[in-house]
Amino acid sequence: MMDRFVIDGGRPLFGTVEASGSKNATLPLMAAAILAPGITEIEGAPRLADIDMMGQVMVSLGAEIRKDGRTISVDTTKLGGWEAPYDQVRKMRASFYVLGPLLAKFGRGRVSLPGGCALGPRPVDLHLKALEKLGCKIELDGGYVVASAEKLRGTRIVFDTSSVGATGNVMMAAVAAEGITTIENAAREPEIVDLADMLCKMGAQITGQGGAVIKIKGPTQLKAVNWKVIPDRIETGTFLIAVAACGGDVTITNARPDHLDIVIDKLIECGTEIEPTDDSIHIRMGKRPRPASIKTDIYPGFPTDLQAPWTSLMCLADGDSSVIETIYPERFNHVPELQRLGGSLRKELNSLHIRGVEQLKGAHVMCSDIRAGAGMVIATVAAKGKSDLLRVYHLDRGYESLEARFSSLGAKIARVKD
Ligand code: EPU
């Protein structure tokens, strides 16, 4: 059964909406539970297909998962397995996060190689090279990465590309390594800071998170803790961009404006009025957006995960703009869908030239990945008339009841089960 959304667009958005906990922070926090025997409790976790998928990976390793509202408990008392099968990793690349913790815990791990992805090539070479430097032996066997280490040793790792996943995996392996591990050109994303902070609460000795050099002093024995996950900056950004596209007056609670500095600057450039507090963002928009060009970059640059939503907004801008994608140069599956709604976009290598039109018009369109899907929700909710948005299972991976939350802001959007 494939659900779709039926949207009758063209209405401004009003009201208050609460941002969920961060998906991309929760996923590695769940994997980190491998490092500490007992019950790790993650509070404020979003209720999403991807989180359930990580739960299944943990269950196949012998963990028990319990959910109580938005709290996920990962009980690793009986952890025994050290393999993440193809069937799980191919559905969600973030399953690869278990490799570092498995190496720390058992000195070995067998994790399927992720394979292709809708965003274009997404290799794991940086993860593997860094783990080798920590003293791991890595072999490839039948599509699986088989890693083993008699002893992990602290070392200096210099990433030539800053990678969220590789930084997280190495941090989790390095807590068990003897001596000091230094990660240079480390990812500075808030999700990595959240992971490092939880590891510290568990007993790890990590410094420098949030900067380009992270140091981990090991080995440490970790204990299970309770942790409240940070708000989802991409979900928050998605709602903000939706208000910029549709017009209206919305407050987003459980938000961290300090994780969205560049996005907020760009929204102001478009003509929105924004008032941030420590934990909320109020946005107002009463006119057609002005054009504002973006270039995606690693944090604190403009997030690639908001590139598709921003592209939808620029389709409605009062002028021309460009979008340059530097993280995933092939992440443009939303472009032909936006053209179906009347968007005027031209793709050239890794960039888009967008000529804003006064109105988009409803049509049948589809989601091709989580964030392209979010871009399509924004475009169809802003477009005049009726749209059918297909393949919303992509959205369910990363956004909790998106249709209900847009409805609560006055959008006409309903889920239909075919
Ligand atoms: N890269 C390599 N080799 C590697 C790892 C990465 O070349 O071994 C390259 C990638 O191809 C990419 C760049 O490095 O060009 C950055 O990738 P990164 O490793 O930082 O991405 P990731 O950890 O696989 C996370 C998010 C993505 C988000 C990216 C970039 C999670 C679970 N996923 O992926 O989120 O787009 O960082 O910010 O945290 C999503 O939520 O929809 C999503 C795709």
# chains A, B, ... in the order shown; residues from 1 in each chain; ligands from 1
$ residues_around --residues "range 238-242 of chain A" --least-positions-apart "3" --cutoff "7 Å" --atoms "only C-alpha atoms" --output "list in words"
Ile234, Glu235, Ala245, Cys246, Ile283, Leu306, Pro309, Trp310, Leu313 and Ile378 of chain A
$ residues_near_ligand --ligand "ligand 1" --cutoff "6 Å" --atoms "only C-alpha atoms and all ligand atoms" --output "list in words"
Asn24, Ala94, Arg122, Pro123, Val124, Asp125, Leu126, His127, Thr161, Ser163, Val164, Gly165, Ala166, Thr304, Asp305, Ile327, Tyr328, Ile370 and Arg371 of chain A
$ write_last_selection --atoms "all heavy atoms" --output "short mmCIF file (atom, residue, chain, number, x, y, z; two decimals), in the first residue's frame"
data_model
loop_
_atom_site.label_atom_id
_atom_site.label_comp_id
_atom_site.auth_asym_id
_atom_site.auth_seq_id
_atom_site.Cartn_x
_atom_site.Cartn_y
_atom_site.Cartn_z
N ASN A 24 18.59 12.81 12.59
CA ASN A 24 19.99 12.48 12.32
C ASN A 24 20.87 12.55 13.56
O ASN A 24 22.03 12.14 13.52
CB ASN A 24 20.54 13.37 11.21
CG ASN A 24 19.94 12.99 9.86
OD1 ASN A 24 19.34 11.92 9.72
ND2 ASN A 24 20.08 13.86 8.87
N ALA A 94 22.19 4.94 7.35
CA ALA A 94 22.65 5.27 8.70
C ALA A 94 22.89 4.02 9.55
O ALA A 94 23.54 4.09 10.59
CB ALA A 94 21.66 6.21 9.38
N ARG A 122 27.30 7.73 -2.57
CA ARG A 122 27.61 8.09 -1.18
C ARG A 122 28.54 7.02 -0.61
O ARG A 122 28.11 6.11 0.08
CB ARG A 122 26.33 8.19 -0.35
CG ARG A 122 25.48 9.38 -0.71
CD ARG A 122 24.16 9.38 0.01
NE ARG A 122 24.28 9.76 1.41
CZ ARG A 122 23.28 9.69 2.28
NH1 ARG A 122 22.11 9.24 1.90
NH2 ARG A 122 23.46 10.07 3.53
N PRO A 123 29.83 7.15 -0.89
CA PRO A 123 30.77 6.10 -0.47
C PRO A 123 30.98 6.09 1.05
O PRO A 123 30.54 7.00 1.74
CB PRO A 123 32.07 6.50 -1.18
CG PRO A 123 31.94 7.95 -1.49
CD PRO A 123 30.48 8.25 -1.61
N VAL A 124 31.65 5.04 1.56
CA VAL A 124 31.99 4.99 2.98
C VAL A 124 33.51 4.86 3.15
O VAL A 124 34.00 4.43 4.19
CB VAL A 124 31.28 3.83 3.72
CG1 VAL A 124 29.80 4.13 3.89
CG2 VAL A 124 31.48 2.50 3.00
N ASP A 125 34.26 5.22 2.09
CA ASP A 125 35.72 5.06 2.13
C ASP A 125 36.36 5.80 3.31
O ASP A 125 37.32 5.31 3.92
CB ASP A 125 36.34 5.54 0.80
CG ASP A 125 35.95 6.97 0.45
OD1 ASP A 125 34.74 7.30 0.58
OD2 ASP A 125 36.82 7.76 0.09
N LEU A 126 35.82 6.96 3.66
CA LEU A 126 36.42 7.73 4.76
C LEU A 126 36.26 7.01 6.09
O LEU A 126 37.18 7.00 6.93
CB LEU A 126 35.78 9.12 4.85
CG LEU A 126 35.96 10.05 3.64
CD1 LEU A 126 35.08 11.28 3.78
CD2 LEU A 126 37.42 10.47 3.52
N HIS A 127 35.09 6.38 6.28
CA HIS A 127 34.87 5.60 7.50
C HIS A 127 35.94 4.51 7.59
O HIS A 127 36.57 4.30 8.63
CB HIS A 127 33.51 4.88 7.49
CG HIS A 127 32.30 5.76 7.34
ND1 HIS A 127 31.26 5.73 8.23
CD2 HIS A 127 31.94 6.65 6.40
CE1 HIS A 127 30.31 6.57 7.85
NE2 HIS A 127 30.70 7.14 6.73
N THR A 161 37.71 15.06 3.39
CA THR A 161 36.37 15.66 3.28
C THR A 161 35.74 15.54 4.65
O THR A 161 35.87 14.50 5.29
CB THR A 161 35.51 14.85 2.28
OG1 THR A 161 36.22 14.76 1.05
CG2 THR A 161 34.17 15.49 2.05
N SER A 163 33.03 14.60 7.01
CA SER A 163 31.90 13.68 6.89
C SER A 163 31.23 13.48 8.23
O SER A 163 31.88 13.14 9.23
CB SER A 163 32.39 12.33 6.34
OG SER A 163 31.48 11.29 6.67
N VAL A 164 29.91 13.68 8.24
CA VAL A 164 29.13 13.50 9.47
C VAL A 164 29.24 12.04 9.93
O VAL A 164 29.64 11.75 11.07
CB VAL A 164 27.64 13.87 9.21
CG1 VAL A 164 26.78 13.58 10.42
CG2 VAL A 164 27.53 15.32 8.78
N GLY A 165 28.90 11.12 9.04
CA GLY A 165 28.87 9.70 9.41
C GLY A 165 30.24 9.18 9.82
O GLY A 165 30.36 8.45 10.81
N ALA A 166 31.29 9.54 9.07
CA ALA A 166 32.62 9.03 9.38
C ALA A 166 33.10 9.59 10.72
O ALA A 166 33.70 8.87 11.53
CB ALA A 166 33.60 9.37 8.26
N THR A 304 22.60 20.92 2.90
CA THR A 304 22.11 20.25 1.69
C THR A 304 20.71 19.69 1.90
O THR A 304 19.92 19.62 0.96
CB THR A 304 23.07 19.11 1.25
OG1 THR A 304 22.45 18.36 0.20
CG2 THR A 304 23.39 18.15 2.37
N ASP A 305 20.39 19.32 3.14
CA ASP A 305 19.06 18.76 3.41
C ASP A 305 17.95 19.80 3.29
O ASP A 305 16.77 19.46 3.32
CB ASP A 305 19.02 18.10 4.79
CG ASP A 305 19.81 16.80 4.81
OD1 ASP A 305 20.10 16.26 3.74
OD2 ASP A 305 20.14 16.32 5.92
N ILE A 327 27.55 19.34 -1.78
CA ILE A 327 27.70 18.11 -0.98
C ILE A 327 27.33 16.88 -1.81
O ILE A 327 28.08 15.91 -1.88
CB ILE A 327 26.85 18.16 0.31
CG1 ILE A 327 27.11 19.46 1.09
CG2 ILE A 327 27.09 16.92 1.18
CD1 ILE A 327 28.49 19.60 1.68
N TYR A 328 26.16 16.92 -2.43
CA TYR A 328 25.71 15.82 -3.31
C TYR A 328 25.41 16.41 -4.69
O TYR A 328 24.28 16.82 -4.95
CB TYR A 328 24.47 15.14 -2.74
CG TYR A 328 24.70 14.51 -1.39
CD1 TYR A 328 24.06 14.98 -0.26
CD2 TYR A 328 25.59 13.45 -1.24
CE1 TYR A 328 24.29 14.41 0.99
CE2 TYR A 328 25.83 12.88 -0.01
CZ TYR A 328 25.18 13.36 1.10
OH TYR A 328 25.42 12.80 2.32
N ILE A 370 13.68 11.82 1.05
CA ILE A 370 13.04 12.53 2.16
C ILE A 370 12.96 14.03 1.88
O ILE A 370 11.90 14.65 1.98
CB ILE A 370 13.83 12.33 3.47
CG1 ILE A 370 14.03 10.84 3.77
CG2 ILE A 370 13.14 13.03 4.63
CD1 ILE A 370 14.90 10.57 5.00
N ARG A 371 14.09 14.62 1.54
CA ARG A 371 14.13 16.08 1.46
C ARG A 371 13.55 16.61 0.16
O ARG A 371 12.98 17.70 0.12
CB ARG A 371 15.56 16.58 1.66
CG ARG A 371 16.28 15.99 2.85
CD ARG A 371 15.56 16.22 4.15
NE ARG A 371 16.23 15.52 5.26
CZ ARG A 371 15.75 15.46 6.50
NH1 ARG A 371 14.59 16.03 6.80
NH2 ARG A 371 16.40 14.81 7.44
#
$ residues_around --residues "Arg153 in chain A" --least-positions-apart "2" --cutoff "6 Å" --atoms "only C-alpha atoms" --output "mmCIF file with N, CA, C and O atoms, in the first residue's frame"
data_model
loop_
_atom_site.group_PDB
_atom_site.id
_atom_site.type_symbol
_atom_site.label_atom_id
_atom_site.label_comp_id
_atom_site.auth_asym_id
_atom_site.auth_seq_id
_atom_site.Cartn_x
_atom_site.Cartn_y
_atom_site.Cartn_z
ATOM 1 N N LEU A 134 42.938 3.349 13.072
ATOM 2 C CA LEU A 134 42.804 3.039 14.501
ATOM 3 C C LEU A 134 43.289 1.624 14.826
ATOM 4 O O LEU A 134 43.242 1.198 15.981
ATOM 5 N N GLY A 135 43.680 0.885 13.776
ATOM 6 C CA GLY A 135 44.233 -0.451 14.027
ATOM 7 C C GLY A 135 43.333 -1.590 13.600
ATOM 8 O O GLY A 135 43.562 -2.747 13.956
ATOM 9 N N ALA A 177 39.746 2.963 22.115
ATOM 10 C CA ALA A 177 41.144 2.896 21.665
ATOM 11 C C ALA A 177 42.073 3.397 22.763
ATOM 12 O O ALA A 177 41.740 4.339 23.491
ATOM 13 N N GLU A 178 43.215 2.782 22.833
ATOM 14 C CA GLU A 178 44.192 3.155 23.865
ATOM 15 C C GLU A 178 44.932 4.424 23.435
ATOM 16 O O GLU A 178 45.490 4.480 22.338
#
$ closest_residue --among "A:Tyr299, A:Thr16, A:Met2, A:Ile252" --to "Ile192 in chain A" --atoms "only C-alpha atoms"
A:Tyr299
$ atom_distance --atom1 "CA of Pro37 in chain A" --atom2 "CA of Pro101 in chain A"
12.0 Å
$ closest_residue --among "A:Leu119, A:Leu345, A:Ile230, A:Val145" --to "Gly44 in chain A" --atoms "only C-alpha atoms"
A:Ile230
